[in-house]
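Chemist: This is the structure I have questions about; it appears just below.
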Amino acid sequence: MARLTGTRPVATRRWGSAAAFLLLLFTVQAAQKADFSGDSTAATINHSLTLLQRLQELLQNGNGSDSVLRVRSAASDEPKVFHTHQLLLSLQSEVFESLLRNQSVVTLYEPPETAALFEKFIRYLYCGGVSILLHQAIPMHQLASKYRVWGLQRGVAEYMRTHLASESSQGHVVGWYHYAVRVGDAALQESCLQFLAWNLSAVLGSAEWGSVSVELLLLLLERSDLVLHSELELYTAVEGWLSRRQPEAPVAERVLRAIRYPMIAPSQLFRLQAQSAVLARHRGAVQDLLFQAFQFHAASPLHFAKYFDVNCSMFLPRNYLAPSWGSQWVITNPARDDRSTSFQTQLGPSSHDAGKRVTWNVLFSPRWLPVSLRPVYSDSVVGAIQPVRIEDGRPRLVITPAMSSPDFAGVSFQKTVLVGVRQQGRVLVKHAYSFHQSSDEAADFLLHADLQKRTSEYLIDNSLHLHIIIKPVYHSLIKVKK
């Protein structure tokens, strides 16, 4: 290791080296401007890979080192020692610039998980690149944040957002969500929350369900876009969570009151009252909701809506995958031509409507053209039409009832279309399109999907996997004063 000698201040020596480094950069940039001079003999000679290799050798061999980092951890009695170069560390991190300003040996204290990655972290400062695994994302993000290496911090956060679907033995999305909350990364927090909502059934049966915090559980239970088989599946998972975590009574009661009991059939509600130990323990806190659910199933929806507010989340279905709520539709070679299908759903969640069916017709068009882009005849040249390109069209999905009935009074239908993709060997929900209650289609359906490419991320084996969900929503026609 090269020792610091002489009387010249460390900062002066370092910034003298920095000036030389910047001068070299300006010289290279000036030479590269010849590419734009119009000289046909101009060329760019790029040896950047060789430069990166030399920088790695600098770190590995400690050649010309003028600073030492000693990293201590509770997991080891011996510190890890890195012979480094102040200029390179200071260029990447303002924290290192401050630490190394008046000293050449610095001792750092790191938890075992970040200490294990410190060599990778330092290598990034030299070479601008690093490879990480799922379980290394949080400690690497912690290092980047602690030493204010903003490019690495953003890169790791982006890695986490794009690897939510990656398969891991213990799961990772719940842990990443909790970490995003701690560090205040709102974008990562929302990405994790959305992934958990759209793929909740997969999470309910995994090891990470038990690590869900109270705050995250309550946030999920508030949402109407949860994708799962049924409300009963959600209750069963919540019951297991409560049994394992044993929270205080007020917390347990808040959780139980977030279940949408009217979306559970009366026969299943009776069984829960008779067999659920959790429900028996907190019966008093949810007795009013259970009684209201039985009333909802016993009366006609129109009559019930006269006396109770049905325009609240308790009476709004989530995205249930059970057959009575919708249908899966796999479209092979979706870019080829228009397709259609039909299916039936129950009229509504109330037992009064359970035996009534609504038939739905669905039309899919891969290249529908809006009016502004459709070919028209020109006045100037008889028979001439505007050229139309295939790529001008966009996918379109139209869902309409095949029938009308007096039973529809007091009911509107929200439609949701889930698009499944294969990621890391698993089929997961990539996007959910929700229709406005008064519309038969979603305006932005697959707006950015390229179905012409067999490698499109929206396709599984050249097929488009959709799941169409119909959510009946009751509303009051006549208000009756109590």
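Labeling convention for the structure tokens: chains A, B, ... as they appear, residues from 1 per chain, ligands from 1 in order of appearance.
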Can you list, as a list in words, every protein, DNA or RNA residue that comes within 7 Å of region 342-344 of chain A when you count only C-alpha atoms, leaving out same-chain residues fewer than 3 positions away?
Modeler: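 Residues meeting the cut-off are Ser327, Arg357, Val358, Thr359, Trp360, Asn361 and Val362 of chain A.
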Chemist: Per residue of region 254-352 of chain A within 10 Å of region 454-458 of chain A, which atom pair is closest and at what distance in Å (one decimal), using only C-alpha atoms, listed by chain and increasing number, as a tab-separated table?
Modeler:
```
residue	atom	partner	partner_atom	distance
A:Asn333	CA	A:Arg454	CA	8.6
A:Pro334	CA	A:Arg454	CA	10.0
A:Ala335	CA	A:Arg454	CA	9.4
```
Chemist: Pick the closest to Leu88 (chain A) from A:Arg154, A:Arg396, A:Arg70, A:Arg123: which is it, counting only C-alpha atoms?
Modeler: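 Smallest distance to Leu88 (chain A) is found for A:Arg123.
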Chemist: Can you list, as a list in words, every residue of region 48-175 of chain A that DSSP puts in strand (DSSP E or B)?
Modeler: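 Here is the list: Ser67, Val68, Leu69, Arg70, Val71, Arg72, Ser73, Ser76, Asp77, Glu78, Pro79, Lys80, Val81, Phe82, His83, Thr84, Val105, Val106, Thr107, Leu108 and Tyr109 of chain A.
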Chemist: What's the 8 Å shell around Gln437 (chain A), counting only C-alpha atoms, without same-chain residues fewer than 3 positions away, as a ChimeraX atom specification?
Modeler: /A:412-415
Chemist: Those same residues, written as a PDB file, in the first residue's frame with N, CA and C atoms?
Modeler:
```pdb
ATOM      1  N   SER A 412     -76.217  -2.568 -10.792  1.00  0.00           N
ATOM      2  CA  SER A 412     -75.306  -2.196 -11.866  1.00  0.00           C
ATOM      3  C   SER A 412     -74.140  -3.161 -11.833  1.00  0.00           C
ATOM      4  N   PHE A 413     -73.439  -3.259 -12.952  1.00  0.00           N
ATOM      5  CA  PHE A 413     -72.392  -4.272 -13.063  1.00  0.00           C
ATOM      6  C   PHE A 413     -71.044  -3.621 -13.347  1.00  0.00           C
ATOM      7  N   GLN A 414     -70.116  -3.831 -12.441  1.00  0.00           N
ATOM      8  CA  GLN A 414     -68.739  -3.426 -12.687  1.00  0.00           C
ATOM      9  C   GLN A 414     -67.996  -4.621 -13.278  1.00  0.00           C
ATOM     10  N   LYS A 415     -67.175  -4.351 -14.296  1.00  0.00           N
ATOM     11  CA  LYS A 415     -66.410  -5.432 -14.915  1.00  0.00           C
ATOM     12  C   LYS A 415     -64.925  -5.203 -14.679  1.00  0.00           C
TER      13      LYS A 415
END
```
Chemist: Of the candidates A:Met140, A:Leu232, A:Met403, A:Leu134, which shows the shortest atom-to-atom distance to Lys120 (chain A), using only C-alpha atoms?
Modeler: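 The answer is A:Met140, which sits nearest to Lys120 (chain A).
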Chemist: Would you pick out the contacts of Pro323 (chain A) at 12 Å or less, using only C-alpha atoms, so that residues sharing its chain but fewer than 4 positions from it are not included, and give the list as a list of chain:residue names?
Modeler: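 Listing them by chain and then by number gives A:Leu228, A:His229, A:Ser230, A:Asn319, A:Ser327, A:Gln328, A:Phe343, A:Gln344, A:Thr345, A:Gln346, A:His467, A:Ile468, A:Ile469, A:Ile470.
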Chemist: Under the rule that only C-alpha atoms are counted, which of A:Asp337, A:Glu190, A:Asp77, A:Asp225 is the nearest residue to Leu451 (chain A)?
Modeler: A:Asp337
Chemist: Could you go through region 119-334 of chain A and tell me which residues DSSP, when run on the backbone, assigns to helix (DSSP H, G or I), listing them as a compact mmCIF listing (two decimals) with N, CA and C atoms, in the first residue's frame?
Modeler:
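Result file out-v5.txt:
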```txt
# COMPACT_ATOMS: atom_id res chain seq x y z
N GLU A 119 -17.91 -5.93 0.07
CA GLU A 119 -16.97 -6.05 -1.05
C GLU A 119 -17.67 -5.77 -2.37
N LYS A 120 -18.90 -6.29 -2.54
CA LYS A 120 -19.66 -6.00 -3.76
C LYS A 120 -19.95 -4.51 -3.86
N PHE A 121 -20.28 -3.92 -2.72
CA PHE A 121 -20.60 -2.49 -2.69
C PHE A 121 -19.40 -1.65 -3.13
N ILE A 122 -18.21 -1.95 -2.58
CA ILE A 122 -17.01 -1.21 -2.97
C ILE A 122 -16.69 -1.44 -4.44
N ARG A 123 -16.89 -2.66 -4.93
CA ARG A 123 -16.63 -2.94 -6.34
C ARG A 123 -17.52 -2.09 -7.24
N TYR A 124 -18.77 -1.86 -6.82
CA TYR A 124 -19.67 -0.99 -7.59
C TYR A 124 -19.08 0.42 -7.68
N LEU A 125 -18.50 0.91 -6.59
CA LEU A 125 -17.94 2.26 -6.60
C LEU A 125 -16.80 2.39 -7.60
N TYR A 126 -16.12 1.29 -7.87
CA TYR A 126 -15.01 1.30 -8.83
C TYR A 126 -15.49 1.08 -10.26
N CYS A 127 -16.48 0.22 -10.43
CA CYS A 127 -16.83 -0.24 -11.79
C CYS A 127 -18.23 0.16 -12.24
N LEU A 134 -32.13 -11.93 -4.73
CA LEU A 134 -33.31 -11.40 -4.04
C LEU A 134 -33.01 -11.07 -2.58
N HIS A 135 -32.35 -11.99 -1.87
CA HIS A 135 -32.12 -11.77 -0.44
C HIS A 135 -31.06 -10.71 -0.18
N GLN A 136 -30.35 -10.26 -1.21
CA GLN A 136 -29.33 -9.23 -1.04
C GLN A 136 -29.84 -7.82 -1.34
N ALA A 137 -31.08 -7.72 -1.81
CA ALA A 137 -31.59 -6.41 -2.25
C ALA A 137 -31.67 -5.41 -1.09
N ILE A 138 -32.25 -5.83 0.02
CA ILE A 138 -32.42 -4.89 1.14
C ILE A 138 -31.07 -4.46 1.71
N PRO A 139 -30.15 -5.38 2.06
CA PRO A 139 -28.86 -4.90 2.59
C PRO A 139 -28.08 -4.04 1.60
N MET A 140 -28.16 -4.33 0.29
CA MET A 140 -27.47 -3.49 -0.68
C MET A 140 -28.10 -2.10 -0.74
N HIS A 141 -29.42 -2.03 -0.65
CA HIS A 141 -30.11 -0.75 -0.63
C HIS A 141 -29.74 0.03 0.63
N GLN A 142 -29.58 -0.69 1.74
CA GLN A 142 -29.17 -0.04 2.99
C GLN A 142 -27.78 0.58 2.87
N LEU A 143 -26.85 -0.15 2.26
CA LEU A 143 -25.51 0.39 2.06
C LEU A 143 -25.54 1.62 1.15
N ALA A 144 -26.29 1.52 0.06
CA ALA A 144 -26.37 2.65 -0.88
C ALA A 144 -26.97 3.88 -0.19
N SER A 145 -27.96 3.66 0.66
CA SER A 145 -28.60 4.79 1.36
C SER A 145 -27.68 5.37 2.42
N LYS A 146 -27.03 4.50 3.18
CA LYS A 146 -26.17 4.96 4.28
C LYS A 146 -25.01 5.81 3.76
N TRP A 150 -26.45 7.45 -4.66
CA TRP A 150 -27.84 7.56 -5.11
C TRP A 150 -28.11 6.71 -6.35
N GLY A 151 -27.15 6.60 -7.25
CA GLY A 151 -27.37 5.78 -8.45
C GLY A 151 -27.62 4.33 -8.09
N LEU A 152 -26.83 3.80 -7.17
CA LEU A 152 -27.02 2.42 -6.72
C LEU A 152 -28.33 2.27 -5.97
N GLN A 153 -28.67 3.24 -5.16
CA GLN A 153 -29.94 3.17 -4.43
C GLN A 153 -31.12 3.08 -5.39
N ARG A 154 -31.11 3.93 -6.43
CA ARG A 154 -32.21 3.89 -7.41
C ARG A 154 -32.20 2.58 -8.18
N GLY A 155 -31.01 2.08 -8.50
CA GLY A 155 -30.91 0.84 -9.24
C GLY A 155 -31.44 -0.35 -8.46
N VAL A 156 -31.13 -0.42 -7.17
CA VAL A 156 -31.64 -1.52 -6.35
C VAL A 156 -33.15 -1.42 -6.18
N ALA A 157 -33.66 -0.21 -5.98
CA ALA A 157 -35.11 -0.03 -5.85
C ALA A 157 -35.82 -0.47 -7.13
N GLU A 158 -35.25 -0.15 -8.29
CA GLU A 158 -35.84 -0.58 -9.56
C GLU A 158 -35.77 -2.10 -9.69
N TYR A 159 -34.67 -2.70 -9.27
CA TYR A 159 -34.54 -4.16 -9.26
C TYR A 159 -35.66 -4.79 -8.43
N MET A 160 -35.96 -4.21 -7.29
CA MET A 160 -37.00 -4.75 -6.41
C MET A 160 -38.37 -4.61 -7.06
N ARG A 161 -38.62 -3.48 -7.69
CA ARG A 161 -39.93 -3.29 -8.34
C ARG A 161 -40.14 -4.25 -9.50
N THR A 162 -39.07 -4.62 -10.19
CA THR A 162 -39.20 -5.49 -11.37
C THR A 162 -39.03 -6.97 -11.04
N VAL A 173 -41.88 -10.33 -1.04
CA VAL A 173 -42.62 -9.10 -1.32
C VAL A 173 -43.08 -8.43 -0.02
N VAL A 174 -43.55 -9.22 0.92
CA VAL A 174 -44.01 -8.65 2.19
C VAL A 174 -42.84 -7.96 2.91
N GLY A 175 -41.68 -8.62 2.94
CA GLY A 175 -40.50 -8.01 3.57
C GLY A 175 -40.07 -6.75 2.86
N TRP A 176 -40.14 -6.75 1.52
CA TRP A 176 -39.78 -5.55 0.77
C TRP A 176 -40.76 -4.42 1.05
N TYR A 177 -42.04 -4.76 1.19
CA TYR A 177 -43.04 -3.72 1.50
C TYR A 177 -42.72 -3.07 2.85
N HIS A 178 -42.48 -3.90 3.86
CA HIS A 178 -42.18 -3.35 5.19
C HIS A 178 -40.91 -2.49 5.15
N TYR A 179 -39.93 -2.91 4.38
CA TYR A 179 -38.70 -2.13 4.26
C TYR A 179 -38.98 -0.80 3.56
N ALA A 180 -39.79 -0.83 2.50
CA ALA A 180 -40.12 0.41 1.78
C ALA A 180 -40.83 1.40 2.69
N VAL A 181 -41.65 0.90 3.59
CA VAL A 181 -42.32 1.79 4.55
C VAL A 181 -41.29 2.42 5.48
N ARG A 182 -40.34 1.63 5.96
CA ARG A 182 -39.33 2.14 6.90
C ARG A 182 -38.47 3.23 6.27
N VAL A 183 -38.10 3.04 5.00
CA VAL A 183 -37.20 4.02 4.37
C VAL A 183 -37.95 5.11 3.61
N ALA A 186 -42.03 5.51 -1.41
CA ALA A 186 -43.45 5.40 -1.73
C ALA A 186 -43.70 4.59 -3.00
N ALA A 187 -42.83 4.72 -4.00
CA ALA A 187 -43.02 4.00 -5.26
C ALA A 187 -42.90 2.50 -5.05
N LEU A 188 -41.86 2.08 -4.32
CA LEU A 188 -41.68 0.65 -4.04
C LEU A 188 -42.81 0.14 -3.16
N GLN A 189 -43.22 0.94 -2.21
CA GLN A 189 -44.31 0.56 -1.32
C GLN A 189 -45.59 0.29 -2.11
N GLU A 190 -45.94 1.18 -3.03
CA GLU A 190 -47.15 1.02 -3.83
C GLU A 190 -47.04 -0.17 -4.77
N SER A 191 -45.85 -0.40 -5.35
CA SER A 191 -45.65 -1.54 -6.24
C SER A 191 -45.86 -2.86 -5.49
N CYS A 192 -45.30 -2.95 -4.29
CA CYS A 192 -45.47 -4.16 -3.48
C CYS A 192 -46.93 -4.36 -3.10
N LEU A 193 -47.59 -3.29 -2.70
CA LEU A 193 -48.99 -3.38 -2.28
C LEU A 193 -49.88 -3.81 -3.43
N GLN A 194 -49.62 -3.27 -4.63
CA GLN A 194 -50.41 -3.65 -5.79
C GLN A 194 -50.19 -5.11 -6.15
N PHE A 195 -48.93 -5.56 -6.11
CA PHE A 195 -48.64 -6.96 -6.41
C PHE A 195 -49.34 -7.89 -5.42
N LEU A 196 -49.28 -7.55 -4.15
CA LEU A 196 -49.94 -8.38 -3.13
C LEU A 196 -51.44 -8.43 -3.35
N ALA A 197 -52.05 -7.30 -3.71
CA ALA A 197 -53.50 -7.26 -3.92
C ALA A 197 -53.91 -8.12 -5.11
N TRP A 198 -53.17 -8.03 -6.21
CA TRP A 198 -53.55 -8.76 -7.42
C TRP A 198 -53.19 -10.24 -7.38
N LEU A 200 -53.14 -12.14 -4.29
CA LEU A 200 -53.29 -12.44 -2.88
C LEU A 200 -53.45 -13.93 -2.61
N SER A 201 -54.14 -14.65 -3.49
CA SER A 201 -54.31 -16.08 -3.26
C SER A 201 -52.97 -16.79 -3.15
N ALA A 202 -52.01 -16.40 -4.00
CA ALA A 202 -50.68 -17.01 -3.95
C ALA A 202 -49.98 -16.67 -2.64
N VAL A 203 -50.22 -15.47 -2.12
CA VAL A 203 -49.56 -15.05 -0.88
C VAL A 203 -50.19 -15.73 0.32
N LEU A 204 -51.52 -15.93 0.30
CA LEU A 204 -52.22 -16.52 1.45
C LEU A 204 -51.69 -17.91 1.78
N ALA A 207 -45.34 -18.91 2.97
CA ALA A 207 -44.74 -18.69 4.29
C ALA A 207 -44.76 -17.22 4.69
N GLU A 208 -44.78 -16.31 3.72
CA GLU A 208 -44.68 -14.89 4.07
C GLU A 208 -45.98 -14.32 4.60
N TRP A 209 -47.11 -15.05 4.49
CA TRP A 209 -48.38 -14.54 5.00
C TRP A 209 -48.28 -14.28 6.51
N GLY A 210 -47.58 -15.15 7.22
CA GLY A 210 -47.45 -14.97 8.65
C GLY A 210 -46.63 -13.76 9.05
N SER A 211 -45.84 -13.21 8.14
CA SER A 211 -45.01 -12.04 8.46
C SER A 211 -45.70 -10.72 8.12
N VAL A 214 -49.72 -5.82 11.05
CA VAL A 214 -51.10 -5.39 11.26
C VAL A 214 -51.46 -4.29 10.28
N GLU A 215 -50.55 -3.34 10.11
CA GLU A 215 -50.84 -2.20 9.22
C GLU A 215 -51.04 -2.67 7.78
N LEU A 216 -50.20 -3.57 7.31
CA LEU A 216 -50.34 -4.08 5.94
C LEU A 216 -51.61 -4.89 5.80
N LEU A 217 -51.94 -5.71 6.78
CA LEU A 217 -53.17 -6.51 6.71
C LEU A 217 -54.39 -5.61 6.61
N LEU A 218 -54.45 -4.57 7.42
CA LEU A 218 -55.60 -3.66 7.37
C LEU A 218 -55.68 -2.92 6.04
N LEU A 219 -54.52 -2.54 5.49
CA LEU A 219 -54.52 -1.88 4.18
C LEU A 219 -55.08 -2.80 3.11
N LEU A 220 -54.67 -4.08 3.14
CA LEU A 220 -55.17 -5.03 2.15
C LEU A 220 -56.67 -5.26 2.31
N LEU A 221 -57.14 -5.40 3.55
CA LEU A 221 -58.55 -5.68 3.78
C LEU A 221 -59.45 -4.53 3.37
N GLU A 222 -58.89 -3.32 3.29
CA GLU A 222 -59.69 -2.17 2.83
C GLU A 222 -59.96 -2.20 1.34
N GLU A 231 -64.51 -14.63 -0.63
CA GLU A 231 -64.36 -13.95 0.66
C GLU A 231 -64.12 -14.96 1.78
N LEU A 232 -64.65 -16.17 1.62
CA LEU A 232 -64.42 -17.21 2.62
C LEU A 232 -62.94 -17.59 2.67
N GLU A 233 -62.27 -17.63 1.51
CA GLU A 233 -60.84 -17.90 1.49
C GLU A 233 -60.09 -16.83 2.27
N LEU A 234 -60.50 -15.58 2.12
CA LEU A 234 -59.85 -14.50 2.84
C LEU A 234 -60.08 -14.63 4.33
N TYR A 235 -61.33 -14.95 4.73
CA TYR A 235 -61.61 -15.11 6.16
C TYR A 235 -60.75 -16.23 6.76
N THR A 236 -60.64 -17.35 6.07
CA THR A 236 -59.86 -18.49 6.57
C THR A 236 -58.40 -18.09 6.78
N ALA A 237 -57.84 -17.31 5.82
CA ALA A 237 -56.45 -16.86 5.95
C ALA A 237 -56.30 -15.88 7.11
N VAL A 238 -57.26 -14.98 7.28
CA VAL A 238 -57.22 -14.02 8.38
C VAL A 238 -57.33 -14.74 9.72
N GLU A 239 -58.19 -15.74 9.76
CA GLU A 239 -58.32 -16.52 10.99
C GLU A 239 -57.00 -17.18 11.37
N GLY A 240 -56.30 -17.74 10.38
CA GLY A 240 -54.99 -18.33 10.64
C GLY A 240 -53.98 -17.30 11.11
N TRP A 241 -54.00 -16.10 10.51
CA TRP A 241 -53.10 -15.03 10.90
C TRP A 241 -53.35 -14.62 12.35
N LEU A 242 -54.63 -14.48 12.73
CA LEU A 242 -54.97 -14.09 14.10
C LEU A 242 -54.56 -15.17 15.10
N SER A 243 -54.72 -16.43 14.73
CA SER A 243 -54.37 -17.52 15.62
C SER A 243 -52.87 -17.56 15.89
N ARG A 244 -52.07 -17.26 14.87
CA ARG A 244 -50.62 -17.28 15.03
C ARG A 244 -50.10 -16.03 15.74
N ARG A 245 -50.63 -14.88 15.38
CA ARG A 245 -50.08 -13.62 15.90
C ARG A 245 -50.65 -13.24 17.27
N ALA A 249 -57.00 -7.51 21.61
CA ALA A 249 -58.41 -7.62 21.21
C ALA A 249 -58.85 -6.49 20.27
N PRO A 250 -58.51 -5.23 20.52
CA PRO A 250 -58.96 -4.17 19.59
C PRO A 250 -58.43 -4.36 18.17
N VAL A 251 -57.20 -4.84 18.05
CA VAL A 251 -56.64 -5.09 16.72
C VAL A 251 -57.37 -6.24 16.04
N ALA A 252 -57.58 -7.33 16.75
CA ALA A 252 -58.29 -8.48 16.19
C ALA A 252 -59.69 -8.09 15.74
N GLU A 253 -60.35 -7.25 16.52
CA GLU A 253 -61.71 -6.84 16.17
C GLU A 253 -61.73 -5.95 14.94
N ARG A 254 -60.73 -5.06 14.79
CA ARG A 254 -60.64 -4.23 13.57
C ARG A 254 -60.45 -5.11 12.34
N VAL A 255 -59.61 -6.14 12.49
CA VAL A 255 -59.35 -7.05 11.37
C VAL A 255 -60.62 -7.81 11.00
N LEU A 256 -61.31 -8.36 11.99
CA LEU A 256 -62.51 -9.15 11.72
C LEU A 256 -63.63 -8.29 11.14
N ARG A 257 -63.71 -7.04 11.52
CA ARG A 257 -64.76 -6.16 11.00
C ARG A 257 -64.48 -5.71 9.57
N TYR A 261 -68.77 -9.84 5.19
CA TYR A 261 -69.60 -11.00 5.48
C TYR A 261 -70.78 -11.18 4.53
N PRO A 262 -71.40 -10.11 4.00
CA PRO A 262 -72.48 -10.33 3.03
C PRO A 262 -72.03 -11.06 1.76
N MET A 263 -70.72 -11.09 1.49
CA MET A 263 -70.23 -11.80 0.31
C MET A 263 -70.03 -13.30 0.59
N PRO A 266 -74.98 -17.82 3.33
CA PRO A 266 -75.50 -18.09 4.68
C PRO A 266 -75.06 -19.44 5.25
N SER A 267 -75.04 -20.48 4.42
CA SER A 267 -74.63 -21.80 4.92
C SER A 267 -73.19 -21.76 5.44
N GLN A 268 -72.34 -21.00 4.78
CA GLN A 268 -70.95 -20.88 5.22
C GLN A 268 -70.84 -20.01 6.47
N LEU A 269 -71.71 -18.99 6.57
CA LEU A 269 -71.71 -18.15 7.76
C LEU A 269 -72.15 -18.95 8.99
N PHE A 270 -73.16 -19.81 8.83
CA PHE A 270 -73.59 -20.67 9.94
C PHE A 270 -72.44 -21.57 10.39
N ARG A 271 -71.70 -22.14 9.43
CA ARG A 271 -70.60 -23.03 9.77
C ARG A 271 -69.50 -22.27 10.53
N LEU A 272 -69.21 -21.03 10.09
CA LEU A 272 -68.20 -20.25 10.78
C LEU A 272 -68.61 -19.96 12.23
N GLN A 273 -69.88 -19.63 12.43
CA GLN A 273 -70.35 -19.34 13.79
C GLN A 273 -70.24 -20.57 14.69
N ALA A 274 -70.41 -21.74 14.08
CA ALA A 274 -70.39 -22.97 14.87
C ALA A 274 -68.99 -23.50 15.10
N GLN A 275 -68.04 -23.23 14.16
CA GLN A 275 -66.74 -23.90 14.20
C GLN A 275 -65.55 -22.98 14.41
N ALA A 277 -63.07 -20.78 16.18
CA ALA A 277 -62.69 -20.38 17.53
C ALA A 277 -62.43 -18.87 17.60
N VAL A 278 -61.86 -18.31 16.56
CA VAL A 278 -61.58 -16.87 16.53
C VAL A 278 -62.88 -16.08 16.55
N LEU A 279 -63.86 -16.52 15.77
CA LEU A 279 -65.15 -15.83 15.72
C LEU A 279 -65.88 -15.96 17.06
N ALA A 280 -65.75 -17.13 17.69
CA ALA A 280 -66.39 -17.32 18.99
C ALA A 280 -65.78 -16.39 20.04
N ARG A 281 -64.46 -16.19 19.96
CA ARG A 281 -63.76 -15.36 20.93
C ARG A 281 -64.12 -13.89 20.78
N ARG A 283 -67.02 -12.74 19.09
CA ARG A 283 -68.37 -12.68 18.53
C ARG A 283 -69.03 -11.33 18.80
N GLY A 284 -68.85 -10.80 19.98
CA GLY A 284 -69.52 -9.55 20.32
C GLY A 284 -69.11 -8.40 19.43
N ALA A 285 -67.89 -8.42 18.92
CA ALA A 285 -67.39 -7.31 18.10
C ALA A 285 -67.94 -7.34 16.69
N VAL A 286 -68.39 -8.50 16.22
CA VAL A 286 -68.86 -8.61 14.83
C VAL A 286 -70.30 -9.10 14.74
N GLN A 287 -70.97 -9.21 15.89
CA GLN A 287 -72.34 -9.75 15.88
C GLN A 287 -73.26 -8.91 15.00
N ASP A 288 -73.11 -7.59 15.04
CA ASP A 288 -73.98 -6.73 14.23
C ASP A 288 -73.75 -6.96 12.74
N LEU A 289 -72.47 -7.20 12.34
CA LEU A 289 -72.17 -7.43 10.93
C LEU A 289 -72.74 -8.77 10.46
N LEU A 290 -72.65 -9.79 11.31
CA LEU A 290 -73.20 -11.10 10.95
C LEU A 290 -74.72 -11.01 10.81
N PHE A 291 -75.38 -10.32 11.73
CA PHE A 291 -76.84 -10.17 11.67
C PHE A 291 -77.24 -9.43 10.40
N GLN A 292 -76.48 -8.38 10.07
CA GLN A 292 -76.78 -7.62 8.85
C GLN A 292 -76.56 -8.48 7.60
N ALA A 293 -75.55 -9.34 7.62
CA ALA A 293 -75.30 -10.22 6.48
C ALA A 293 -76.45 -11.19 6.27
N PHE A 294 -76.99 -11.75 7.37
CA PHE A 294 -78.13 -12.67 7.24
C PHE A 294 -79.37 -11.92 6.73
N GLN A 295 -79.57 -10.69 7.18
CA GLN A 295 -80.68 -9.89 6.66
C GLN A 295 -80.52 -9.64 5.16
N PHE A 296 -79.29 -9.34 4.76
CA PHE A 296 -78.99 -9.09 3.35
C PHE A 296 -79.36 -10.29 2.48
N HIS A 297 -79.05 -11.48 2.96
CA HIS A 297 -79.35 -12.68 2.18
C HIS A 297 -80.82 -13.06 2.24
N ALA A 298 -81.54 -12.66 3.29
CA ALA A 298 -82.94 -13.08 3.45
C ALA A 298 -83.91 -12.22 2.66
N PRO A 301 -82.94 -7.63 -2.56
CA PRO A 301 -82.00 -6.50 -2.53
C PRO A 301 -82.67 -5.14 -2.59
N LEU A 302 -83.74 -5.01 -3.38
CA LEU A 302 -84.43 -3.73 -3.48
C LEU A 302 -85.05 -3.35 -2.15
N HIS A 303 -85.64 -4.34 -1.46
CA HIS A 303 -86.25 -4.05 -0.18
C HIS A 303 -85.17 -3.74 0.87
N PHE A 304 -84.10 -4.48 0.84
CA PHE A 304 -83.01 -4.26 1.79
C PHE A 304 -82.41 -2.87 1.61
N ALA A 305 -82.27 -2.45 0.34
CA ALA A 305 -81.65 -1.15 0.05
C ALA A 305 -82.51 0.02 0.48
N LYS A 306 -83.78 -0.20 0.77
CA LYS A 306 -84.63 0.88 1.25
C LYS A 306 -84.26 1.30 2.67
N TYR A 307 -83.69 0.37 3.43
CA TYR A 307 -83.47 0.62 4.85
C TYR A 307 -81.99 0.63 5.25
N SER A 313 -68.41 -0.32 1.22
CA SER A 313 -67.52 -1.42 0.85
C SER A 313 -68.04 -2.78 1.32
N MET A 314 -68.81 -2.83 2.41
CA MET A 314 -69.29 -4.11 2.93
C MET A 314 -70.12 -4.88 1.90
N PHE A 315 -70.79 -4.17 1.00
CA PHE A 315 -71.65 -4.81 0.01
C PHE A 315 -71.06 -4.78 -1.39
N PRO A 323 -66.26 -19.51 -10.14
CA PRO A 323 -67.00 -19.51 -11.43
C PRO A 323 -68.27 -18.67 -11.43
N SER A 324 -68.94 -18.52 -10.30
CA SER A 324 -70.19 -17.76 -10.27
C SER A 324 -69.97 -16.27 -10.49
N TRP A 325 -68.69 -15.81 -10.43
CA TRP A 325 -68.40 -14.39 -10.57
C TRP A 325 -67.78 -14.04 -11.92
```
Chemist: How many Å lie between CA of Phe82 (chain A) and CA of Leu108 (chain A), rounded to one decimal?
Modeler: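 Value for the CA of Phe82 (chain A)-CA of Leu108 (chain A) distance: 11.1 Å.
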Chemist: Got a sec: who's within 10 Å of Phe364 (chain A), counting only C-alpha atoms, leaving out chain neighbours fewer than 6 positions off, as an NGL selection string?
Modeler: :A and (331 or 334 or 337-341 or 395-399)
Chemist: Tell me which of A:Phe435, A:Pro247, A:Arg148, A:Ser76 sits closest to Ser90 (chain A), counting only C-alpha atoms.
Modeler: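 Among A:Phe435, A:Pro247, A:Arg148, A:Ser76, it is A:Arg148 that comes nearest to Ser90 (chain A).
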Chemist: Could you check how far CA of Leu446 (chain A) sits from CA of Lys430 (chain A), in Å to one decimal?
Modeler: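 Pair CA of Leu446 (chain A) / CA of Lys430 (chain A) returns 10.9 Å.
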Chemist: Using only C-alpha atoms for the distances, tell me which of A:Asn102, A:Ser405, A:Ser73, A:Ser463 is nearest to Trp329 (chain A).
Modeler: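 Ranked by minimum distance to Trp329 (chain A), first place goes to A:Ser463.
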Chemist: Hey, what's within 9 Å of Gly420 (chain A) if we count only C-alpha atoms and toss same-chain stuff fewer than 5 positions away? As a list of chain:residue names, please?
Modeler: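 Returned residues: A:Val427, A:Leu428, A:Val429, A:Lys430, A:His431, A:Tyr458, A:Leu459, A:Ile460, A:Leu464, A:His465, A:Leu466, A:His467.
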Chemist: Would you mind reading off the distance between CA of Ser65 (chain A) and CA of Val105 (chain A), one decimal, in Å?
Modeler: 11.2 Å
Chemist: Nearest to Ser224 (chain A): which of A:Val212, A:Leu69, A:Ala258, A:Ala402 is it, counting only C-alpha atoms?
Modeler: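 Using only C-alpha atoms, Ser224 (chain A) sits closest to A:Ala258.
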